[in-house]
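Trainee: The following file, start_32.csv, comprises CSV, C-alpha atoms:
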```csv
chain,number,residue,atom,x,y,z
A,1,MET,CA,-17.9,141.2,-132.5
A,2,SER,CA,-19.4,143.9,-130.4
A,3,SER,CA,-21.8,142.7,-127.8
A,4,LEU,CA,-25.3,144.3,-127.6
A,5,ARG,CA,-25.8,146.7,-124.7
A,6,ASN,CA,-29.2,147.1,-123.0
A,7,LYS,CA,-30.7,150.4,-122.5
A,8,ILE,CA,-33.3,151.2,-119.8
A,9,LEU,CA,-36.7,152.1,-121.2
A,10,PRO,CA,-37.5,155.7,-120.2
A,11,ALA,CA,-40.4,156.3,-117.8
A,12,LYS,CA,-43.7,156.3,-119.5
A,13,LYS,CA,-44.6,159.6,-121.1
A,14,THR,CA,-48.0,161.1,-121.8
A,15,ARG,CA,-47.0,162.9,-125.0
A,16,VAL,CA,-48.5,161.5,-128.2
A,17,TYR,CA,-45.9,161.1,-130.9
A,18,THR,CA,-46.5,161.0,-134.6
A,19,ALA,CA,-45.2,158.0,-136.5
A,20,ALA,CA,-42.4,159.9,-138.2
A,21,ALA,CA,-41.2,161.6,-135.1
A,22,SER,CA,-41.4,158.4,-133.1
A,23,VAL,CA,-39.3,156.4,-135.4
A,24,SER,CA,-36.7,159.2,-135.6
A,25,ALA,CA,-36.5,159.5,-131.8
A,26,ALA,CA,-36.3,155.7,-131.3
A,27,ALA,CA,-33.6,155.4,-133.9
A,28,ASN,CA,-31.5,158.1,-132.2
A,29,VAL,CA,-31.3,156.3,-128.9
A,30,GLN,CA,-30.6,152.8,-130.1
A,31,ASN,CA,-27.2,151.0,-130.2
A,32,THR,CA,-25.5,151.6,-133.5
A,33,ALA,CA,-22.9,148.9,-132.8
A,34,TRP,CA,-25.3,146.5,-134.5
A,35,PRO,CA,-26.0,147.6,-138.1
A,36,LEU,CA,-29.4,146.0,-138.0
A,37,LEU,CA,-30.5,148.8,-135.7
A,38,SER,CA,-28.7,151.8,-137.2
A,39,SER,CA,-30.8,155.0,-137.3
A,40,ALA,CA,-31.1,155.0,-141.1
A,41,ARG,CA,-32.1,151.3,-141.1
A,42,VAL,CA,-34.8,151.7,-138.5
A,43,GLN,CA,-36.3,154.6,-140.4
A,44,GLN,CA,-36.1,153.0,-143.7
A,45,ALA,CA,-37.7,149.7,-142.5
A,46,TRP,CA,-40.6,151.6,-140.9
A,47,ASN,CA,-41.3,153.4,-144.1
A,48,TYR,CA,-42.5,150.1,-145.6
A,49,PHE,CA,-45.4,150.0,-143.1
A,50,VAL,CA,-46.7,153.6,-143.0
A,51,ASN,CA,-50.0,152.4,-144.4
A,52,ASP,CA,-50.1,148.9,-142.9
A,53,LYS,CA,-53.2,148.4,-140.8
A,54,ALA,CA,-52.1,145.1,-139.1
A,55,ILE,CA,-52.3,145.0,-135.4
A,56,TRP,CA,-49.1,145.8,-133.5
A,57,GLN,CA,-49.5,142.8,-131.3
A,58,ALA,CA,-52.3,140.7,-129.8
A,59,GLY,CA,-54.6,143.1,-128.1
A,60,ILE,CA,-52.8,146.2,-129.4
A,61,THR,CA,-54.3,147.8,-132.6
A,62,ARG,CA,-52.3,150.0,-135.0
A,63,ASN,CA,-54.3,153.0,-133.6
A,64,ASP,CA,-53.4,152.0,-130.0
A,65,MET,CA,-49.8,151.7,-130.9
A,66,GLU,CA,-49.7,155.1,-132.7
A,67,LYS,CA,-50.8,156.8,-129.4
A,68,GLN,CA,-47.5,155.9,-127.8
A,69,HIS,CA,-45.5,155.1,-130.8
A,70,LEU,CA,-42.1,155.9,-129.4
A,71,LEU,CA,-42.5,153.8,-126.3
A,72,TYR,CA,-43.5,150.7,-128.3
A,73,LEU,CA,-40.6,151.1,-130.7
A,74,LEU,CA,-38.1,151.7,-127.9
A,75,ASP,CA,-39.4,148.6,-126.1
A,76,LEU,CA,-39.0,146.5,-129.3
A,77,ILE,CA,-35.5,147.8,-130.0
A,78,ASN,CA,-34.4,147.0,-126.4
A,79,GLU,CA,-35.8,143.5,-126.8
A,80,LEU,CA,-33.8,143.0,-130.0
A,81,LYS,CA,-30.6,144.3,-128.4
A,82,SER,CA,-31.0,142.3,-125.2
A,83,GLY,CA,-32.0,139.1,-127.0
A,84,ASN,CA,-35.3,139.0,-125.3
A,85,TYR,CA,-37.4,139.5,-128.4
A,86,GLN,CA,-40.0,136.8,-128.9
A,87,PRO,CA,-41.9,136.5,-132.2
A,88,ASP,CA,-45.7,136.4,-132.0
A,89,TYR,CA,-47.3,133.3,-133.3
A,90,PRO,CA,-48.9,134.3,-136.6
A,91,ARG,CA,-52.6,133.9,-137.4
A,92,ARG,CA,-53.0,131.4,-140.3
A,93,ILE,CA,-55.6,131.3,-143.1
A,94,ASN,CA,-56.0,129.1,-146.2
A,95,LEU,CA,-56.3,130.6,-149.7
A,96,GLU,CA,-57.5,128.5,-152.6
A,97,LYS,CA,-54.9,127.6,-155.3
A,98,PRO,CA,-56.0,127.5,-159.0
A,99,ASP,CA,-56.1,123.7,-158.7
A,100,GLY,CA,-58.4,123.9,-155.7
A,101,SER,CA,-55.9,122.9,-153.1
A,102,PRO,CA,-55.3,125.2,-150.0
A,103,ARG,CA,-52.4,127.6,-149.8
A,104,PRO,CA,-51.7,128.3,-146.1
A,105,ILE,CA,-50.9,132.0,-145.5
A,106,ALA,CA,-49.4,133.5,-142.3
A,107,ILE,CA,-50.8,136.8,-141.1
A,108,LEU,CA,-48.0,138.4,-139.1
A,109,THR,CA,-48.3,141.2,-136.5
A,110,LEU,CA,-46.9,144.6,-137.5
A,111,ARG,CA,-44.3,144.2,-134.8
A,112,ASP,CA,-42.9,141.0,-136.4
A,113,LYS,CA,-43.2,142.4,-139.9
A,114,PHE,CA,-41.0,145.4,-138.9
A,115,VAL,CA,-38.4,143.1,-137.3
A,116,GLN,CA,-38.3,140.9,-140.4
A,117,ARG,CA,-37.9,143.9,-142.7
A,118,LEU,CA,-34.9,145.0,-140.6
A,119,ILE,CA,-33.4,141.6,-141.0
A,120,LEU,CA,-34.1,141.5,-144.7
A,121,MET,CA,-32.3,144.8,-145.3
A,122,GLU,CA,-29.3,143.5,-143.5
A,123,LEU,CA,-29.2,139.9,-144.7
A,124,GLY,CA,-30.1,140.4,-148.4
A,125,PRO,CA,-26.9,142.2,-149.4
A,126,GLN,CA,-24.9,139.4,-147.6
A,127,LEU,CA,-26.5,136.6,-149.6
A,128,GLU,CA,-27.0,138.3,-153.0
A,129,PRO,CA,-23.4,138.0,-154.3
A,130,HIS,CA,-23.4,134.2,-153.9
A,131,LEU,CA,-26.7,133.5,-155.6
A,132,HIS,CA,-26.6,131.7,-159.0
A,133,PRO,CA,-27.1,134.1,-162.0
A,134,ASP,CA,-29.9,131.8,-163.3
A,135,SER,CA,-32.0,132.2,-160.1
A,136,TYR,CA,-34.5,134.9,-160.9
A,137,ALA,CA,-37.0,135.2,-158.0
A,138,TYR,CA,-36.9,137.7,-155.1
A,139,ARG,CA,-33.9,139.6,-156.3
A,140,VAL,CA,-33.2,143.2,-157.2
A,141,ASN,CA,-33.0,143.6,-161.0
A,142,TYR,CA,-34.3,140.1,-161.6
A,143,SER,CA,-37.9,139.3,-162.7
A,144,ARG,CA,-40.3,136.7,-164.0
A,145,GLU,CA,-39.9,138.2,-167.5
A,146,GLY,CA,-36.1,137.9,-167.2
A,147,ALA,CA,-36.5,134.2,-166.3
A,148,GLN,CA,-38.7,133.6,-169.4
A,149,LYS,CA,-36.2,135.4,-171.6
A,150,ALA,CA,-33.4,133.3,-170.2
A,151,VAL,CA,-35.2,130.1,-171.1
A,152,GLN,CA,-35.7,131.4,-174.6
A,153,LYS,CA,-32.0,132.1,-175.0
A,154,TYR,CA,-31.1,128.6,-174.0
A,155,ILE,CA,-33.6,127.2,-176.5
A,156,SER,CA,-32.2,129.5,-179.2
A,157,ALA,CA,-28.7,128.2,-178.4
A,158,GLY,CA,-29.9,124.6,-179.2
A,159,PHE,CA,-30.8,123.4,-175.7
A,160,ASP,CA,-34.4,122.8,-176.7
A,161,TYR,CA,-35.2,119.6,-174.7
A,162,LEU,CA,-36.9,120.9,-171.6
A,163,VAL,CA,-37.7,119.6,-168.2
A,164,ASP,CA,-40.5,121.7,-166.7
A,165,ALA,CA,-40.1,120.9,-163.0
A,166,ASP,CA,-42.0,122.0,-159.9
A,167,ILE,CA,-41.2,121.3,-156.2
A,168,SER,CA,-43.9,119.7,-154.2
A,169,ASN,CA,-45.2,121.9,-151.4
A,170,PHE,CA,-41.9,123.7,-151.2
A,171,TYR,CA,-42.5,126.1,-148.4
A,172,ASP,CA,-44.2,123.5,-146.2
A,173,ASN,CA,-41.4,120.9,-146.5
A,174,ILE,CA,-38.2,122.9,-145.8
A,175,PRO,CA,-36.5,121.5,-142.7
A,176,VAL,CA,-35.7,124.4,-140.4
A,177,ASP,CA,-32.5,122.8,-139.0
A,178,ARG,CA,-31.1,122.1,-142.6
A,179,LEU,CA,-32.0,125.7,-143.6
A,180,LEU,CA,-30.2,127.1,-140.6
A,181,ASP,CA,-27.2,125.0,-141.4
A,182,GLN,CA,-27.0,126.6,-144.8
A,183,LEU,CA,-27.6,130.1,-143.5
A,184,LYS,CA,-25.0,130.1,-140.7
A,185,PRO,CA,-21.8,130.3,-142.8
A,186,ALA,CA,-23.3,133.2,-144.8
A,187,ILE,CA,-24.1,135.4,-141.7
A,188,ASP,CA,-21.3,137.3,-140.2
A,189,ASN,CA,-23.1,138.4,-137.0
A,190,GLU,CA,-24.0,135.9,-134.3
A,191,GLN,CA,-26.8,138.0,-132.9
A,192,LEU,CA,-28.4,138.3,-136.3
A,193,TYR,CA,-28.2,134.5,-136.8
A,194,ARG,CA,-29.7,133.8,-133.4
A,195,LEU,CA,-32.6,136.2,-134.1
A,196,ILE,CA,-33.3,134.5,-137.4
A,197,GLU,CA,-33.1,131.1,-135.8
A,198,LYS,CA,-35.6,132.2,-133.2
A,199,ILE,CA,-38.1,133.5,-135.8
A,200,LEU,CA,-37.8,130.4,-138.1
A,201,LYS,CA,-38.5,128.0,-135.2
A,202,ALA,CA,-41.3,130.1,-133.8
A,203,HIS,CA,-43.1,130.5,-137.1
A,204,ALA,CA,-42.5,127.0,-138.6
A,205,PRO,CA,-46.0,125.8,-139.6
A,206,HIS,CA,-45.3,122.1,-138.8
A,207,ASN,CA,-43.7,120.0,-136.1
A,208,LYS,CA,-42.8,116.6,-137.3
A,209,GLY,CA,-41.5,114.3,-134.6
A,210,GLY,CA,-40.2,117.2,-132.7
A,211,ARG,CA,-38.5,118.7,-135.8
A,212,LYS,CA,-39.6,122.1,-137.0
A,213,VAL,CA,-40.5,122.0,-140.7
A,214,GLY,CA,-41.7,124.7,-143.1
A,215,LEU,CA,-41.5,128.4,-143.8
A,216,SER,CA,-44.5,130.7,-143.3
A,217,GLN,CA,-45.9,131.9,-146.6
A,218,GLY,CA,-46.7,135.5,-146.2
A,219,ALA,CA,-43.8,136.3,-143.9
A,220,VAL,CA,-41.4,139.1,-145.0
A,221,LEU,CA,-38.3,136.9,-144.7
A,222,SER,CA,-39.6,133.7,-146.2
A,223,PRO,CA,-39.0,134.4,-150.0
A,224,MET,CA,-35.4,135.4,-149.6
A,225,ILE,CA,-34.6,132.6,-147.2
A,226,ALA,CA,-36.4,130.0,-149.3
A,227,ASN,CA,-34.4,131.2,-152.3
A,228,TRP,CA,-31.2,130.7,-150.4
A,229,TYR,CA,-32.1,127.1,-149.4
A,230,LEU,CA,-32.2,126.2,-153.1
A,231,ASN,CA,-28.9,128.0,-153.9
A,232,GLY,CA,-26.9,124.9,-153.3
A,233,LEU,CA,-29.2,123.0,-155.8
A,234,ASP,CA,-28.5,125.7,-158.3
A,235,TRP,CA,-24.8,125.4,-158.1
A,236,TYR,CA,-25.1,121.6,-158.1
A,237,LEU,CA,-26.9,121.7,-161.4
A,238,HIS,CA,-24.3,124.2,-162.7
A,239,GLU,CA,-21.4,121.8,-161.8
A,240,GLN,CA,-23.2,119.0,-163.5
A,241,GLY,CA,-23.2,121.0,-166.7
A,242,ILE,CA,-27.0,121.4,-166.8
A,243,HIS,CA,-28.4,124.6,-168.1
A,244,PHE,CA,-31.4,125.7,-166.1
A,245,VAL,CA,-33.5,128.7,-165.1
A,246,ARG,CA,-35.2,128.9,-161.7
A,247,TYR,CA,-37.9,131.1,-160.5
A,248,ALA,CA,-38.6,130.3,-156.8
A,249,ASP,CA,-39.7,126.6,-156.9
A,250,ASN,CA,-40.3,126.6,-160.7
A,251,ILE,CA,-37.3,125.1,-162.5
A,252,MET,CA,-36.8,124.7,-166.2
A,253,LEU,CA,-33.9,122.5,-167.3
A,254,CYS,CA,-32.6,123.1,-170.8
A,255,VAL,CA,-30.6,120.3,-172.5
A,256,GLU,CA,-29.6,119.2,-176.0
A,257,ASN,CA,-31.1,115.8,-176.5
A,258,ALA,CA,-33.6,113.2,-175.1
A,259,LYS,CA,-30.9,111.2,-173.2
A,260,ALA,CA,-29.6,114.3,-171.5
A,261,GLN,CA,-33.2,115.3,-170.7
A,262,LYS,CA,-33.8,112.1,-168.7
A,263,SER,CA,-30.4,112.3,-167.1
A,264,ALA,CA,-31.0,115.9,-166.0
A,265,LEU,CA,-34.3,115.0,-164.4
A,266,LYS,CA,-32.6,112.3,-162.4
A,267,THR,CA,-29.9,114.7,-161.3
A,268,LEU,CA,-32.5,117.2,-160.2
A,269,GLU,CA,-34.3,114.5,-158.2
A,270,HIS,CA,-31.1,113.6,-156.5
A,271,GLY,CA,-30.3,117.2,-155.6
A,272,LEU,CA,-33.8,117.7,-154.2
A,273,ASP,CA,-33.5,114.5,-152.2
A,274,GLU,CA,-30.3,115.9,-150.6
A,275,LEU,CA,-32.4,118.8,-149.4
A,276,GLU,CA,-35.3,116.6,-148.2
A,277,LEU,CA,-37.5,117.9,-151.0
A,278,MET,CA,-39.4,116.1,-153.8
A,279,LEU,CA,-40.7,117.0,-157.3
A,280,ASN,CA,-44.4,117.4,-157.8
A,281,THR,CA,-44.8,114.7,-160.4
A,282,GLN,CA,-48.2,116.0,-161.6
A,283,LYS,CA,-46.6,119.3,-162.5
A,284,THR,CA,-43.3,118.1,-163.8
A,285,ALA,CA,-43.0,117.2,-167.5
A,286,LEU,CA,-40.5,116.4,-170.2
A,287,ILE,CA,-41.0,118.9,-173.1
A,288,PRO,CA,-39.6,117.8,-176.5
A,289,PRO,CA,-38.6,120.3,-179.2
A,290,GLY,CA,-41.5,121.9,-180.9
A,291,GLU,CA,-44.0,121.4,-178.0
A,292,VAL,CA,-45.5,124.4,-176.3
A,293,THR,CA,-45.7,124.6,-172.5
A,294,GLN,CA,-47.0,127.2,-170.1
A,295,TRP,CA,-44.3,128.5,-167.8
A,296,LEU,CA,-44.7,131.4,-165.4
A,297,GLY,CA,-47.8,132.5,-167.1
A,298,ILE,CA,-46.6,132.6,-170.8
A,299,GLU,CA,-46.3,130.0,-173.6
A,300,ILE,CA,-42.8,128.8,-174.2
A,301,ALA,CA,-42.1,126.8,-177.4
A,302,ALA,CA,-38.9,124.8,-177.9
A,303,THR,CA,-37.4,125.2,-181.4
A,304,VAL,CA,-37.1,122.2,-183.7
A,305,GLU,CA,-34.1,123.5,-185.6
A,306,LYS,CA,-30.8,123.1,-183.8
A,307,LYS,CA,-28.5,126.1,-183.5
A,308,ALA,CA,-24.9,126.5,-182.3
A,309,LYS,CA,-24.5,125.4,-178.7
A,310,ASN,CA,-22.7,127.5,-176.2
A,311,LYS,CA,-20.6,125.7,-173.7
A,312,SER,CA,-20.8,127.0,-170.2
A,313,GLU,CA,-17.7,128.2,-168.6
A,314,ASN,CA,-16.7,127.8,-165.0
A,315,ASN,CA,-16.8,131.2,-163.4
A,316,GLY,CA,-14.9,130.2,-160.3
A,317,LEU,CA,-17.8,130.9,-157.9
A,318,SER,CA,-19.0,127.3,-157.7
A,319,ASN,CA,-16.7,126.3,-154.9
A,320,PHE,CA,-17.5,129.3,-152.7
A,321,PHE,CA,-20.1,127.3,-150.8
A,322,GLN,CA,-20.6,123.5,-150.6
A,323,PHE,CA,-23.6,122.3,-152.5
A,324,PHE,CA,-25.4,121.1,-149.5
A,325,ARG,CA,-24.6,121.7,-145.8
A,326,ARG,CA,-26.0,119.1,-143.5
```
Please render this file's structure as structure tokens.
Mentor:
Amino acid sequence: MSSLRNKILPAKKTRVYTAAASVSAAANVQNTAWPLLSSARVQQAWNYFVNDKAIWQAGITRNDMEKQHLLYLLDLINELKSGNYQPDYPRRINLEKPDGSPRPIAILTLRDKFVQRLILMELGPQLEPHLHPDSYAYRVNYSREGAQKAVQKYISAGFDYLVDADISNFYDNIPVDRLLDQLKPAIDNEQLYRLIEKILKAHAPHNKGGRKVGLSQGAVLSPMIANWYLNGLDWYLHEQGIHFVRYADNIMLCVENAKAQKSALKTLEHGLDELELMLNTQKTALIPPGEVTQWLGIEIAATVEKKAKNKSENNGLSNFFQFFRR
């Protein structure tokens, strides 16, 4: 693995650069040995934030940054290459959920958003091939509507005893050390892994007995990484022969009778316990055939009439990763 080489930041210049010219210039002088910082990647990542008005860093507004855009970008790229990059601690606000409870949201600086977008563009393609096909959130060509249709297909196939499950305070309860243990085997670049480790520990919203816990909701990286944390659970359910559809922390189990329904719920609870997570008992329910439930914003009704049941086949991917890495 190629080591990252430092470059000396040029002497401060008085020229004012436009955003587009600055990104192009910064990309042309960076070290291409690390794909995260390739010219095309830097330009593509910056395009996401052309209209973002967030501050660049504490005490530096977007307008201030624009005046010496190239220098700020070069400085950041050098920090990333040398390993000296330090994430800013995000500002946090609470939004009210429909049930009245608070939803903590992290407000990241533009600098940190840009870095996380670079990571997302590099890491996403590495993780995607190993995600379970019945995981529908935060993936290209997957959607909420696709998840709803998948549940209806299982119901039509006769798996019409449902378990509508919700994970309790999912983002707040993910142990950072366990998450990093699951990420490490999937990341083929040590510098990239160390950068992610630094961000997750710096942005963890909770410190429980010296242990970092939680992902920041509102961070660019959080949805994809949270999805990966549940990937072991997905394949565990698959190996147990349980049909399911998952959209983020919303899980629908689809089985063929009442006995299997209760057994599937216990299996899910066991899998979550292995991940140090719990079900939200107030939002988890057993849905018998014929009953209507709201799931991801639409009504889903299990059929009463049984139809031919499709037996799942082992696609050979389940052993690629261990279910849970401790």
Trainee: Which residue is closest to A:Tyr171? Choose from A:Thr109, A:Gln294, A:Gln217, A:Ser143 and count all atoms listed in the file.
Mentor: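 Answer, going by the shortest atom-to-atom distance: A:Gln217.
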Trainee: Would you mind telling me which residue in A:Glu269, A:Ile119, A:Gln57, A:Ala137 lies nearest to A:Arg194 when using all atoms listed in the file?
Mentor: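 Between A:Glu269, A:Ile119, A:Gln57, A:Ala137, the residue approaching A:Arg194 most closely is A:Ile119.
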Trainee: Report the distance between atom CA of A:Arg41 and atom CA of A:Leu118 in Å, rounded to one decimal place.
Mentor: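 Between atom CA of A:Arg41 and atom CA of A:Leu118 the gap works out to 6.9 Å.
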Trainee: Would you list the residues near (-34.8, 125.0, -163.8), meaning any protein, DNA or RNA residue with an atom at most 10 Å from that point in file coordinates, counting all atoms listed in the file, as number ranges by chain?
Mentor: A: 134-135, 147, 151, 162-166, 233-234, 237, 242-254, 268
Trainee: Rounded to one decimal in Å, what is the spacing between atom CA of A:Asn189 and atom CA of A:Tyr89?
Mentor: 25.0 Å
Trainee: Quick one: of A:Trp56, A:Tyr193, A:Tyr85, A:Phe170, who's nearest to A:Tyr72, counting all atoms listed in the file?
Mentor: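 Nearest to A:Tyr72: A:Trp56.
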Trainee: Would you mind telling me which residue in A:Ile287, A:Val220, A:Ala150, A:Leu37 lies nearest to A:Tyr136 when using only C-alpha atoms?
Mentor: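 When distances to A:Tyr136 are compared using only C-alpha atoms, the smallest one comes from A:Ala150.
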Trainee: Which one of A:Ser168, A:Gln240, A:Gln182, A:Gln86 sits closest to A:Leu272 if you count only C-alpha atoms?
Mentor: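 Distance minimum relative to A:Leu272 lands on A:Ser168.
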Trainee: Pick out the closest residue to A:Pro289 from this set: A:Ile196, A:Leu183, A:Leu131, A:Ile155. Count all atoms listed in the file.
Mentor: A:Ile155
